[in-house]
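First up is the structure itself, then whatever we jot down about it.
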Amino acid sequence: MMLIGGLGGALLLIAQPLPGEGAAPLAQGMAQVQFAPPLDRPMTYRVTTRRIGRDGSLINFSLVYALQWQWIGRGYQLRSVLQRIDSDAPPAVTHALTLMLQPLIGEELVYLVAPDGSRIDLVDPEGLWERATARIETAAADDGRAEARQLAQLIAALSEAERDRLTTADVRALVAPANVAIPLSAAREGSSVSISHDGTRRTIAKVEHSSAAAGGRTPPLEIDHLWTIDTVTGLLLQERRQSWIIDADGSGRTLVEERVRALEGAP
């Protein structure tokens with residue numbers, strides 16, 4: 001159960017919905033956002049998720065990526081390496097998450113990105129997962145760990161779309177023209193969205209509400225989104241998503257989950 005729960009946690013940490021049919025990329029609604037990522041410059045990209053643990057306290061998981069962009073004549077190439085996972089979670093939880101992502105830690109992932117940033121493709125995804133599965137199977141053969149064998153089976157059972165989410169969701173979020181979650185405009189989205197400018201930075205805020213489920217089993221949620229975009233590079237400088245439980249009497253709210261994506265090394 002720890003292994004299965006851990007895999008679900010990893011997917012929750014990394015996975016985001018793939019662009020749906022008819023979803024318009026940011027570039028169509030905000031033509032003034034350019035796409036010109038800094039070339040040949042090391043960058044650090046940190047994705048941190050905080051969630052309520054069993055004892056009611058927030059536990060942290062941070063995925064730390066090393067990034068570097070290159071121009072290859074028909075678009076951009078992004079090289080990404082998941083360097084490590086930082087966590088203050090209990091050892092058993094940290095072990096489960098590290099075990100699941102161990103095959104991807106240190107593995108260089110190469111993406112091809114369209115010149116306008118609207119399309120992102122992972123190079124050789126089949127080869128990546130073949131290497132990942134081989135690493136797990138080798139570990140299972142070396143020490144006979146049943147959990148490693150179970151992990152190999154779980155990864156083998158993932159659909160192509162689930163594997164794509166696992167390996168590309170954070171990169172799709174980083175490239176503003178490819179990030180379909182960002183509202184196109186305040187006028188289109190209504191009063192729940194506000195947009196402000198500070199030089200070359202654009203900040204977009206959005207608030208969502210969910211109703212309580214029948215029977216009160218699921219309390220109402222308020223979800224705050226905040227994106228900060230560099231309009232020169234077209235990269236996401238920071239994203240913050242906070243989920244709050246609203247008190248029954250509406251007098252207050254409690255943070256139950258937070259995700260922060262932050263790029264270091266951008267202009």
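Lettering and numbering for the structure tokens are positional, with chains as A, B, ... in the shown order, residues counted from 1 in each chain, and ligands counted from 1 in the shown order.
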task: Check stretch 47-183 of chain A with DSSP on the backbone and list each residue it calls alpha helix (DSSP H), as number ranges by chain.
output: A: 91-101, 125-143, 146-157, 160-174
task: Pull the strand (DSSP E or B) assignments for stretch 23-237 of chain A out of DSSP run on the backbone, and list those residues as a ChimeraX atom specification.
output: /A:39,43-52,58-71,76-87,105,108-113,120-122,175,193-198,201-210,221-230,235-237
Can you build me a table of stretch 130-186 of chain A residues sitting at most 12 Å from stretch 240-253 of chain A, with the closest atom pair per residue and its distance in Å to one decimal, using only C-alpha atoms, sorted by chain and residue number, as a Markdown table?
```
| residue | atom | partner | partner_atom | distance |
| --- | --- | --- | --- | --- |
| A:Ala173 | CA | A:Arg240 | CA | 11.5 |
| A:Ala181 | CA | A:Arg241 | CA | 11.5 |
| A:Ile182 | CA | A:Arg241 | CA | 11.8 |
```
task: Skip A:Gly53 itself and residues of its chain fewer than 6 positions away, then list as a list in words all residues within 12 Å of it, counting only C-alpha atoms.
output: Ile59, Asn60, Phe61, Asp88, Ala89, Pro90, Val93, Leu255, Val256 and Glu257 of chain A
Selection near A:Leu122, 7 Å with only C-alpha atoms, sequence-local residues under 4 positions removed, as an mmCIF file with N, CA, C and O atoms, in the first residue's frame:
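Now in selection_29.cif:
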```
data_model
loop_
_atom_site.group_PDB
_atom_site.id
_atom_site.type_symbol
_atom_site.label_atom_id
_atom_site.label_comp_id
_atom_site.auth_asym_id
_atom_site.auth_seq_id
_atom_site.Cartn_x
_atom_site.Cartn_y
_atom_site.Cartn_z
ATOM 1 N N VAL A 110 15.431 15.306 -22.961
ATOM 2 C CA VAL A 110 15.600 16.298 -24.021
ATOM 3 C C VAL A 110 14.241 16.568 -24.654
ATOM 4 O O VAL A 110 13.529 15.637 -25.043
ATOM 5 N N TYR A 111 13.904 17.856 -24.742
ATOM 6 C CA TYR A 111 12.632 18.274 -25.333
ATOM 7 C C TYR A 111 12.904 19.146 -26.547
ATOM 8 O O TYR A 111 13.844 19.954 -26.560
ATOM 9 N N LEU A 112 12.058 19.001 -27.567
ATOM 10 C CA LEU A 112 12.050 19.909 -28.708
ATOM 11 C C LEU A 112 10.880 20.858 -28.528
ATOM 12 O O LEU A 112 9.746 20.417 -28.308
#
```
Closest contacts (stretch 71-142 of chain A/stretch 32-52 of chain A, max 12 Å, only C-alpha atoms) as a Markdown table:
```
| residue | atom | partner | partner_atom | distance |
| --- | --- | --- | --- | --- |
| A:Trp71 | CA | A:Leu39 | CA | 7.1 |
| A:Ile72 | CA | A:Leu39 | CA | 10.7 |
| A:Gly75 | CA | A:Ala36 | CA | 10.3 |
| A:Tyr76 | CA | A:Pro37 | CA | 8.6 |
| A:Gln77 | CA | A:Leu39 | CA | 9.6 |
| A:Leu78 | CA | A:Leu39 | CA | 9.5 |
| A:Arg79 | CA | A:Pro42 | CA | 9.9 |
| A:Ser80 | CA | A:Tyr45 | CA | 9.4 |
| A:Val81 | CA | A:Thr44 | CA | 9.8 |
| A:Leu82 | CA | A:Tyr45 | CA | 9.3 |
| A:Gln83 | CA | A:Thr44 | CA | 9.7 |
| A:Arg84 | CA | A:Arg46 | CA | 10.1 |
| A:Ile85 | CA | A:Thr48 | CA | 9.6 |
| A:Asp86 | CA | A:Thr48 | CA | 8.9 |
| A:Ser87 | CA | A:Thr48 | CA | 9.2 |
| A:Asp88 | CA | A:Arg50 | CA | 10.0 |
| A:Ala89 | CA | A:Arg50 | CA | 9.9 |
| A:Val113 | CA | A:Phe35 | CA | 10.4 |
| A:Ala114 | CA | A:Phe35 | CA | 9.6 |
| A:Pro115 | CA | A:Phe35 | CA | 7.5 |
| A:Asp116 | CA | A:Phe35 | CA | 5.7 |
| A:Gly117 | CA | A:Phe35 | CA | 6.1 |
| A:Ser118 | CA | A:Phe35 | CA | 9.2 |
| A:Arg119 | CA | A:Phe35 | CA | 11.8 |
```
Distance of atom CA of A:Val180 from atom CA of A:Arg163, expressed in Å to one decimal place: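 The value is 19.0 Å.
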